file query_35.txt (compact mmCIF, N, CA and C atoms)
# COMPACT_ATOMS: atom_id res chain seq x y z
N VAL W 1 -7.33 4.01 4.30
CA VAL W 1 -8.59 3.50 3.84
C VAL W 1 -9.26 2.81 5.01
N ASP W 2 -10.50 3.09 5.23
CA ASP W 2 -11.27 2.46 6.30
C ASP W 2 -12.20 1.44 5.66
N ASP W 3 -11.91 0.15 5.86
CA ASP W 3 -12.77 -0.88 5.30
C ASP W 3 -13.76 -1.42 6.32
N GLY W 4 -13.89 -0.74 7.46
CA GLY W 4 -14.80 -1.15 8.50
C GLY W 4 -14.21 -2.18 9.45
N ARG W 5 -13.04 -2.71 9.14
CA ARG W 5 -12.40 -3.71 9.99
C ARG W 5 -10.99 -3.32 10.41
N SER W 6 -10.31 -2.54 9.58
CA SER W 6 -8.93 -2.18 9.87
C SER W 6 -8.60 -0.87 9.18
N LEU W 7 -7.49 -0.29 9.57
CA LEU W 7 -7.05 0.95 8.96
C LEU W 7 -5.89 0.63 8.03
N TRP W 8 -6.04 1.02 6.78
CA TRP W 8 -5.04 0.73 5.76
C TRP W 8 -4.36 2.01 5.32
N GLY W 9 -3.11 1.91 5.01
CA GLY W 9 -2.36 3.01 4.42
C GLY W 9 -1.61 2.46 3.23
N SER W 10 -0.82 3.28 2.63
CA SER W 10 -0.01 2.76 1.53
C SER W 10 1.43 3.16 1.75
N VAL W 11 2.30 2.27 1.40
CA VAL W 11 3.73 2.57 1.41
C VAL W 11 4.25 2.15 0.05
N VAL W 12 4.78 3.07 -0.65
CA VAL W 12 5.43 2.76 -1.91
C VAL W 12 6.80 3.40 -1.87
N ARG W 13 7.51 3.31 -2.92
CA ARG W 13 8.87 3.80 -2.94
C ARG W 13 8.95 5.32 -2.85
N GLY W 14 7.91 6.00 -3.24
CA GLY W 14 7.93 7.45 -3.30
C GLY W 14 8.02 8.11 -1.94
N LEU W 15 8.65 9.25 -1.92
CA LEU W 15 8.83 10.00 -0.69
C LEU W 15 7.50 10.48 -0.12
N ASP W 16 6.62 11.00 -0.95
CA ASP W 16 5.34 11.54 -0.47
C ASP W 16 4.53 10.49 0.27
N SER W 17 4.31 9.34 -0.35
CA SER W 17 3.49 8.31 0.29
C SER W 17 4.17 7.72 1.51
N SER W 18 5.48 7.64 1.50
CA SER W 18 6.21 7.15 2.67
C SER W 18 6.07 8.12 3.84
N LEU W 19 6.11 9.41 3.56
CA LEU W 19 5.93 10.41 4.63
C LEU W 19 4.52 10.37 5.19
N VAL W 20 3.52 10.25 4.32
CA VAL W 20 2.13 10.17 4.77
C VAL W 20 1.95 8.93 5.65
N ALA W 21 2.49 7.80 5.23
CA ALA W 21 2.38 6.57 6.02
C ALA W 21 3.09 6.73 7.37
N SER W 22 4.23 7.38 7.38
CA SER W 22 4.98 7.60 8.62
C SER W 22 4.18 8.46 9.60
N ILE W 23 3.62 9.53 9.12
CA ILE W 23 2.82 10.42 9.97
C ILE W 23 1.60 9.69 10.49
N THR W 24 0.92 8.93 9.62
CA THR W 24 -0.27 8.19 10.02
C THR W 24 0.08 7.15 11.08
N ALA W 25 1.15 6.39 10.87
CA ALA W 25 1.54 5.35 11.82
C ALA W 25 1.87 5.95 13.18
N ARG W 26 2.54 7.09 13.20
CA ARG W 26 2.92 7.73 14.47
C ARG W 26 1.72 8.28 15.22
N HIS W 27 0.74 8.79 14.50
CA HIS W 27 -0.41 9.43 15.15
C HIS W 27 -1.59 8.49 15.36
N LEU W 28 -1.48 7.25 14.90
CA LEU W 28 -2.59 6.31 15.03
C LEU W 28 -2.79 5.87 16.47
N ALA W 29 -1.71 5.63 17.18
CA ALA W 29 -1.81 5.15 18.57
C ALA W 29 -2.62 6.13 19.41
N GLY W 30 -3.52 5.61 20.20
CA GLY W 30 -4.32 6.44 21.09
C GLY W 30 -5.53 7.09 20.45
N THR W 31 -5.75 6.84 19.17
CA THR W 31 -6.91 7.44 18.49
C THR W 31 -8.11 6.51 18.60
N LYS W 32 -9.27 7.05 18.27
CA LYS W 32 -10.49 6.26 18.24
C LYS W 32 -10.35 5.11 17.23
N ALA W 33 -9.73 5.40 16.09
CA ALA W 33 -9.53 4.37 15.06
C ALA W 33 -8.68 3.22 15.60
N ALA W 34 -7.62 3.53 16.36
CA ALA W 34 -6.76 2.49 16.92
C ALA W 34 -7.52 1.63 17.91
N LYS W 35 -8.39 2.25 18.69
CA LYS W 35 -9.18 1.49 19.66
C LYS W 35 -10.17 0.57 18.95
N GLN W 36 -10.69 1.03 17.83
CA GLN W 36 -11.69 0.26 17.10
C GLN W 36 -11.06 -0.85 16.25
N TRP W 37 -9.95 -0.55 15.56
CA TRP W 37 -9.40 -1.48 14.58
C TRP W 37 -8.00 -1.98 14.89
N GLY W 38 -7.37 -1.43 15.90
CA GLY W 38 -6.00 -1.82 16.21
C GLY W 38 -5.02 -0.71 15.87
N ALA W 39 -3.93 -0.67 16.58
CA ALA W 39 -2.99 0.45 16.46
C ALA W 39 -1.93 0.24 15.39
N GLN W 40 -1.96 -0.90 14.71
CA GLN W 40 -0.92 -1.14 13.71
C GLN W 40 -1.49 -0.88 12.31
N LEU W 41 -0.84 0.00 11.59
CA LEU W 41 -1.25 0.38 10.24
C LEU W 41 -0.91 -0.74 9.26
N HIS W 42 -1.80 -0.99 8.32
CA HIS W 42 -1.52 -1.91 7.21
C HIS W 42 -0.96 -1.09 6.05
N SER W 43 -0.01 -1.66 5.36
CA SER W 43 0.56 -0.99 4.18
C SER W 43 0.58 -2.00 3.04
N PHE W 44 0.68 -1.49 1.82
CA PHE W 44 0.71 -2.38 0.68
C PHE W 44 1.50 -1.79 -0.46
N CYS W 45 1.94 -2.68 -1.34
CA CYS W 45 2.65 -2.27 -2.55
C CYS W 45 2.30 -3.27 -3.64
N VAL W 46 2.18 -2.77 -4.85
CA VAL W 46 1.88 -3.59 -6.02
C VAL W 46 3.05 -3.46 -6.98
N GLY W 47 3.55 -4.59 -7.48
CA GLY W 47 4.66 -4.50 -8.42
C GLY W 47 5.10 -5.84 -8.96
N LEU W 48 6.06 -5.78 -9.84
CA LEU W 48 6.65 -6.99 -10.41
C LEU W 48 7.52 -7.67 -9.36
N GLU W 49 7.48 -9.00 -9.33
CA GLU W 49 8.30 -9.77 -8.40
C GLU W 49 9.77 -9.35 -8.54
N GLY W 50 10.40 -9.05 -7.41
CA GLY W 50 11.81 -8.67 -7.41
C GLY W 50 12.10 -7.24 -7.81
N SER W 51 11.07 -6.43 -8.00
CA SER W 51 11.29 -5.05 -8.44
C SER W 51 11.85 -4.18 -7.30
N PRO W 52 12.59 -3.14 -7.65
CA PRO W 52 13.12 -2.23 -6.63
C PRO W 52 12.02 -1.54 -5.83
N ASP W 53 10.86 -1.29 -6.45
CA ASP W 53 9.75 -0.66 -5.72
C ASP W 53 9.27 -1.53 -4.57
N LEU W 54 9.13 -2.84 -4.82
CA LEU W 54 8.70 -3.75 -3.75
C LEU W 54 9.72 -3.79 -2.63
N LYS W 55 10.99 -3.83 -2.99
CA LYS W 55 12.05 -3.88 -1.99
C LYS W 55 12.05 -2.61 -1.14
N ALA W 56 11.95 -1.46 -1.80
CA ALA W 56 11.96 -0.18 -1.07
C ALA W 56 10.72 -0.06 -0.18
N ALA W 57 9.56 -0.47 -0.68
CA ALA W 57 8.34 -0.40 0.12
C ALA W 57 8.44 -1.30 1.34
N ARG W 58 9.01 -2.49 1.16
CA ARG W 58 9.19 -3.41 2.28
C ARG W 58 10.12 -2.81 3.33
N GLU W 59 11.17 -2.14 2.90
CA GLU W 59 12.10 -1.50 3.83
C GLU W 59 11.41 -0.40 4.64
N VAL W 60 10.60 0.42 3.96
CA VAL W 60 9.87 1.48 4.66
C VAL W 60 8.86 0.87 5.62
N ALA W 61 8.14 -0.16 5.18
CA ALA W 61 7.15 -0.83 6.03
C ALA W 61 7.82 -1.43 7.27
N ASP W 62 8.97 -2.06 7.08
CA ASP W 62 9.70 -2.62 8.23
C ASP W 62 10.11 -1.53 9.19
N TYR W 63 10.59 -0.43 8.67
CA TYR W 63 11.01 0.69 9.51
C TYR W 63 9.83 1.27 10.30
N LEU W 64 8.67 1.38 9.63
CA LEU W 64 7.49 1.95 10.27
C LEU W 64 6.75 0.94 11.15
N GLY W 65 7.04 -0.35 10.97
CA GLY W 65 6.37 -1.37 11.75
C GLY W 65 4.94 -1.64 11.31
N THR W 66 4.66 -1.46 10.03
CA THR W 66 3.31 -1.72 9.53
C THR W 66 3.13 -3.20 9.24
N ILE W 67 1.88 -3.62 9.13
CA ILE W 67 1.57 -4.96 8.63
C ILE W 67 1.54 -4.82 7.12
N HIS W 68 2.55 -5.37 6.46
CA HIS W 68 2.77 -5.08 5.05
C HIS W 68 2.21 -6.20 4.16
N HIS W 69 1.57 -5.78 3.07
CA HIS W 69 1.00 -6.70 2.08
C HIS W 69 1.60 -6.37 0.72
N GLU W 70 1.99 -7.40 0.00
CA GLU W 70 2.51 -7.21 -1.36
C GLU W 70 1.63 -7.95 -2.35
N PHE W 71 1.38 -7.31 -3.47
CA PHE W 71 0.63 -7.92 -4.55
C PHE W 71 1.54 -7.92 -5.77
N HIS W 72 1.80 -9.10 -6.29
CA HIS W 72 2.72 -9.24 -7.43
C HIS W 72 1.94 -9.46 -8.72
N PHE W 73 2.49 -8.94 -9.80
CA PHE W 73 1.93 -9.22 -11.11
C PHE W 73 3.07 -9.47 -12.07
N THR W 74 2.77 -10.13 -13.18
CA THR W 74 3.77 -10.42 -14.20
C THR W 74 3.67 -9.38 -15.31
N VAL W 75 4.67 -9.35 -16.16
CA VAL W 75 4.62 -8.46 -17.32
C VAL W 75 3.39 -8.78 -18.15
N GLN W 76 3.08 -10.07 -18.32
CA GLN W 76 1.91 -10.46 -19.10
C GLN W 76 0.62 -9.97 -18.43
N ASP W 77 0.55 -10.04 -17.09
CA ASP W 77 -0.61 -9.50 -16.38
C ASP W 77 -0.79 -8.02 -16.70
N GLY W 78 0.31 -7.28 -16.73
CA GLY W 78 0.25 -5.86 -17.05
C GLY W 78 -0.23 -5.61 -18.47
N ILE W 79 0.30 -6.37 -19.38
CA ILE W 79 -0.12 -6.24 -20.78
C ILE W 79 -1.61 -6.56 -20.92
N ASP W 80 -2.03 -7.64 -20.26
CA ASP W 80 -3.44 -8.06 -20.33
C ASP W 80 -4.38 -7.02 -19.73
N ALA W 81 -3.90 -6.22 -18.80
CA ALA W 81 -4.75 -5.24 -18.11
C ALA W 81 -4.79 -3.88 -18.78
N ILE W 82 -3.99 -3.65 -19.81
CA ILE W 82 -3.87 -2.31 -20.40
C ILE W 82 -5.23 -1.74 -20.81
N GLU W 83 -6.04 -2.51 -21.52
CA GLU W 83 -7.34 -1.99 -21.98
C GLU W 83 -8.21 -1.57 -20.80
N ASP W 84 -8.26 -2.40 -19.75
CA ASP W 84 -9.07 -2.07 -18.57
C ASP W 84 -8.53 -0.84 -17.86
N VAL W 85 -7.22 -0.74 -17.77
CA VAL W 85 -6.62 0.42 -17.10
C VAL W 85 -6.95 1.69 -17.86
N ILE W 86 -6.79 1.67 -19.16
CA ILE W 86 -7.11 2.85 -19.98
C ILE W 86 -8.59 3.21 -19.82
N TYR W 87 -9.45 2.21 -19.86
CA TYR W 87 -10.89 2.45 -19.71
C TYR W 87 -11.20 3.13 -18.38
N HIS W 88 -10.59 2.65 -17.30
CA HIS W 88 -10.91 3.16 -15.97
C HIS W 88 -10.25 4.50 -15.63
N ILE W 89 -9.18 4.87 -16.32
CA ILE W 89 -8.56 6.15 -16.03
C ILE W 89 -8.93 7.24 -17.03
N GLU W 90 -9.64 6.88 -18.05
CA GLU W 90 -10.08 7.89 -19.03
C GLU W 90 -10.99 8.90 -18.35
N THR W 91 -10.82 10.16 -18.67
CA THR W 91 -11.69 11.20 -18.11
C THR W 91 -12.45 11.90 -19.21

call {"tool": "encode", "arguments": {"input": "query_35.txt", "output": "structure tokens"}}
result
Amino acid sequence: VDDGRSLWGSVVRGLDSSLVASITARHLAGTKAAKQWGAQLHSFCVGLEGSPDLKAAREVADYLGTIHHEFHFTVQDGIDAIEDVIYHIET
């Protein structure tokens, strides 16, 4: 994601997103984007505190050397968001 200030990627527990982040991190150095925003990829994961997904994403981020961001939510936060999530993903 290009927010005009930095280059963001995503790292989650899944193999597909981890591979995409790995390829992006490796090919970022020396690019126009790296010169403009920096050569270190940002990664993020959203999940419940202490969840295996957060742990796995952190391990992948550490391995790839990304600047990693975690966003935590509670079970109640998830329950409270259900109506909005359904509304926004309805097609």

call {"tool": "closest_residue", "arguments": {"input": "query_35.txt", "among": "W:Thr24, W:Gln76, W:Gly30, W:Ser17", "to": "Cys45 in chain W", "atoms": "only C-alpha atoms"}}
result
W:Ser17

call {"tool": "axis_aligned_box", "arguments": {"input": "query_35.txt", "around": "range 19-38 of chain W", "padding_each_side": "5 Å", "output": "JSON"}}
result
{"center_x": -2.8, "center_y": 4.2, "center_z": 12.3, "size_x": 27.8, "size_y": 22.4, "size_z": 27.5}

call {"tool": "atom_distance", "arguments": {"input": "query_35.txt", "atom1": "atom N of Ala29 in chain W", "atom2": "atom C of Ala56 in chain W"}}
result
22.1 Å

call {"tool": "closest_residue", "arguments": {"input": "query_35.txt", "among": "W:Ser43, W:Thr31, W:Glu83, W:Trp37", "to": "Thr66 in chain W", "atoms": "all atoms listed in the file"}}
result
W:Ser43

call {"tool": "select_by_dssp", "arguments": {"input": "query_35.txt", "residues": "chain W", "states": "strand (DSSP E or B)", "output": "number ranges by chain"}}
result
W: 2, 7-8, 42-48, 67-73

call {"tool": "atom_distance", "arguments": {"input": "query_35.txt", "atom1": "CA of His42 in chain W", "atom2": "CA of Ala25 in chain W"}}
result
9.1 Å

call {"tool": "decode", "arguments": {"input": "query_35.txt", "residues": "chain W", "atoms": "C-alpha atoms", "output": "mmCIF file, in the first residue's frame"}}
result
data_model
loop_
_atom_site.group_PDB
_atom_site.id
_atom_site.type_symbol
_atom_site.label_atom_id
_atom_site.label_comp_id
_atom_site.auth_asym_id
_atom_site.auth_seq_id
_atom_site.Cartn_x
_atom_site.Cartn_y
_atom_site.Cartn_z
ATOM 1 C CA VAL W 1 0.000 0.000 0.000
ATOM 2 C CA ASP W 2 1.366 3.405 -0.915
ATOM 3 C CA ASP W 3 0.174 6.031 1.557
ATOM 4 C CA GLY W 4 2.407 8.727 0.079
ATOM 5 C CA ARG W 5 4.890 8.469 2.953
ATOM 6 C CA SER W 6 5.941 4.826 3.192
ATOM 7 C CA LEU W 7 5.521 1.456 1.561
ATOM 8 C CA TRP W 8 3.326 -0.977 3.460
ATOM 9 C CA GLY W 9 2.887 -4.683 3.017
ATOM 10 C CA SER W 10 1.112 -7.296 5.004
ATOM 11 C CA VAL W 11 2.399 -10.288 6.851
ATOM 12 C CA VAL W 12 -0.059 -12.712 8.281
ATOM 13 C CA ARG W 13 0.180 -16.336 9.171
ATOM 14 C CA GLY W 14 -0.817 -17.506 5.704
ATOM 15 C CA LEU W 15 1.713 -18.786 3.233
ATOM 16 C CA ASP W 16 0.490 -16.641 0.321
ATOM 17 C CA SER W 17 0.776 -13.288 2.093
ATOM 18 C CA SER W 18 4.093 -14.266 3.674
ATOM 19 C CA LEU W 19 5.514 -15.123 0.244
ATOM 20 C CA VAL W 20 4.265 -11.855 -1.258
ATOM 21 C CA ALA W 21 5.822 -9.897 1.627
ATOM 22 C CA SER W 22 9.100 -11.809 1.218
ATOM 23 C CA ILE W 23 9.307 -11.085 -2.504
ATOM 24 C CA THR W 24 8.398 -7.424 -1.959
ATOM 25 C CA ALA W 25 10.976 -6.973 0.822
ATOM 26 C CA ARG W 26 13.727 -8.547 -1.301
ATOM 27 C CA HIS W 27 12.977 -6.489 -4.398
ATOM 28 C CA LEU W 28 12.326 -3.175 -2.646
ATOM 29 C CA ALA W 29 15.990 -2.233 -2.211
ATOM 30 C CA GLY W 30 17.280 -0.121 -5.076
ATOM 31 C CA THR W 31 13.831 0.767 -6.405
ATOM 32 C CA LYS W 32 12.368 4.216 -6.901
ATOM 33 C CA ALA W 33 9.951 3.489 -4.036
ATOM 34 C CA ALA W 34 12.857 2.685 -1.682
ATOM 35 C CA LYS W 35 14.583 5.941 -2.587
ATOM 36 C CA GLN W 36 11.393 7.892 -1.974
ATOM 37 C CA TRP W 37 10.058 6.180 1.174
ATOM 38 C CA GLY W 38 12.857 4.028 2.548
ATOM 39 C CA ALA W 39 14.006 0.503 1.858
ATOM 40 C CA GLN W 40 12.365 -1.165 4.840
ATOM 41 C CA LEU W 41 8.913 -2.637 4.279
ATOM 42 C CA HIS W 42 6.205 -2.113 6.902
ATOM 43 C CA SER W 43 4.091 -5.128 7.808
ATOM 44 C CA PHE W 44 1.035 -5.542 9.970
ATOM 45 C CA CYS W 45 -1.241 -8.092 11.553
ATOM 46 C CA VAL W 46 -4.620 -7.775 13.244
ATOM 47 C CA GLY W 47 -5.732 -10.270 15.860
ATOM 48 C CA LEU W 48 -6.622 -11.208 19.391
ATOM 49 C CA GLU W 49 -3.915 -10.594 21.993
ATOM 50 C CA GLY W 50 -1.790 -13.733 22.340
ATOM 51 C CA SER W 51 -3.249 -15.418 19.254
ATOM 52 C CA PRO W 52 -1.142 -17.827 17.170
ATOM 53 C CA ASP W 53 -1.684 -15.605 14.105
ATOM 54 C CA LEU W 54 0.012 -12.636 15.793
ATOM 55 C CA LYS W 55 2.900 -14.817 16.930
ATOM 56 C CA ALA W 56 3.389 -16.338 13.468
ATOM 57 C CA ALA W 57 3.171 -12.932 11.759
ATOM 58 C CA ARG W 58 5.744 -11.509 14.175
ATOM 59 C CA GLU W 59 8.098 -14.414 13.414
ATOM 60 C CA VAL W 60 7.773 -13.857 9.653
ATOM 61 C CA ALA W 61 8.234 -10.088 10.094
ATOM 62 C CA ASP W 62 11.364 -10.650 12.196
ATOM 63 C CA TYR W 63 12.748 -13.027 9.590
ATOM 64 C CA LEU W 64 12.047 -10.565 6.765
ATOM 65 C CA GLY W 65 13.281 -7.564 8.748
ATOM 66 C CA THR W 66 10.121 -5.516 8.270
ATOM 67 C CA ILE W 67 8.924 -2.713 10.524
ATOM 68 C CA HIS W 68 6.064 -4.638 12.078
ATOM 69 C CA HIS W 69 2.811 -3.215 13.456
ATOM 70 C CA GLU W 70 0.233 -5.165 15.434
ATOM 71 C CA PHE W 71 -3.360 -4.165 16.036
ATOM 72 C CA HIS W 72 -5.129 -6.024 18.832
ATOM 73 C CA PHE W 73 -8.826 -6.419 19.414
ATOM 74 C CA THR W 74 -10.900 -8.195 22.047
ATOM 75 C CA VAL W 75 -13.635 -10.751 21.533
ATOM 76 C CA GLN W 76 -16.120 -8.030 22.521
ATOM 77 C CA ASP W 77 -14.620 -5.686 19.893
ATOM 78 C CA GLY W 78 -15.237 -8.407 17.308
ATOM 79 C CA ILE W 79 -18.792 -8.961 18.427
ATOM 80 C CA ASP W 80 -19.447 -5.209 18.421
ATOM 81 C CA ALA W 81 -18.117 -4.924 14.851
ATOM 82 C CA ILE W 82 -20.166 -7.758 13.302
ATOM 83 C CA GLU W 83 -22.935 -5.529 11.904
ATOM 84 C CA ASP W 84 -20.426 -3.114 10.338
ATOM 85 C CA VAL W 85 -18.365 -5.956 8.896
ATOM 86 C CA ILE W 86 -21.426 -7.580 7.324
ATOM 87 C CA TYR W 87 -22.543 -4.217 5.943
ATOM 88 C CA HIS W 88 -19.149 -3.497 4.360
ATOM 89 C CA ILE W 89 -18.587 -6.944 2.833
ATOM 90 C CA GLU W 90 -22.081 -7.419 1.445
ATOM 91 C CA THR W 91 -22.108 -7.497 -2.352
#
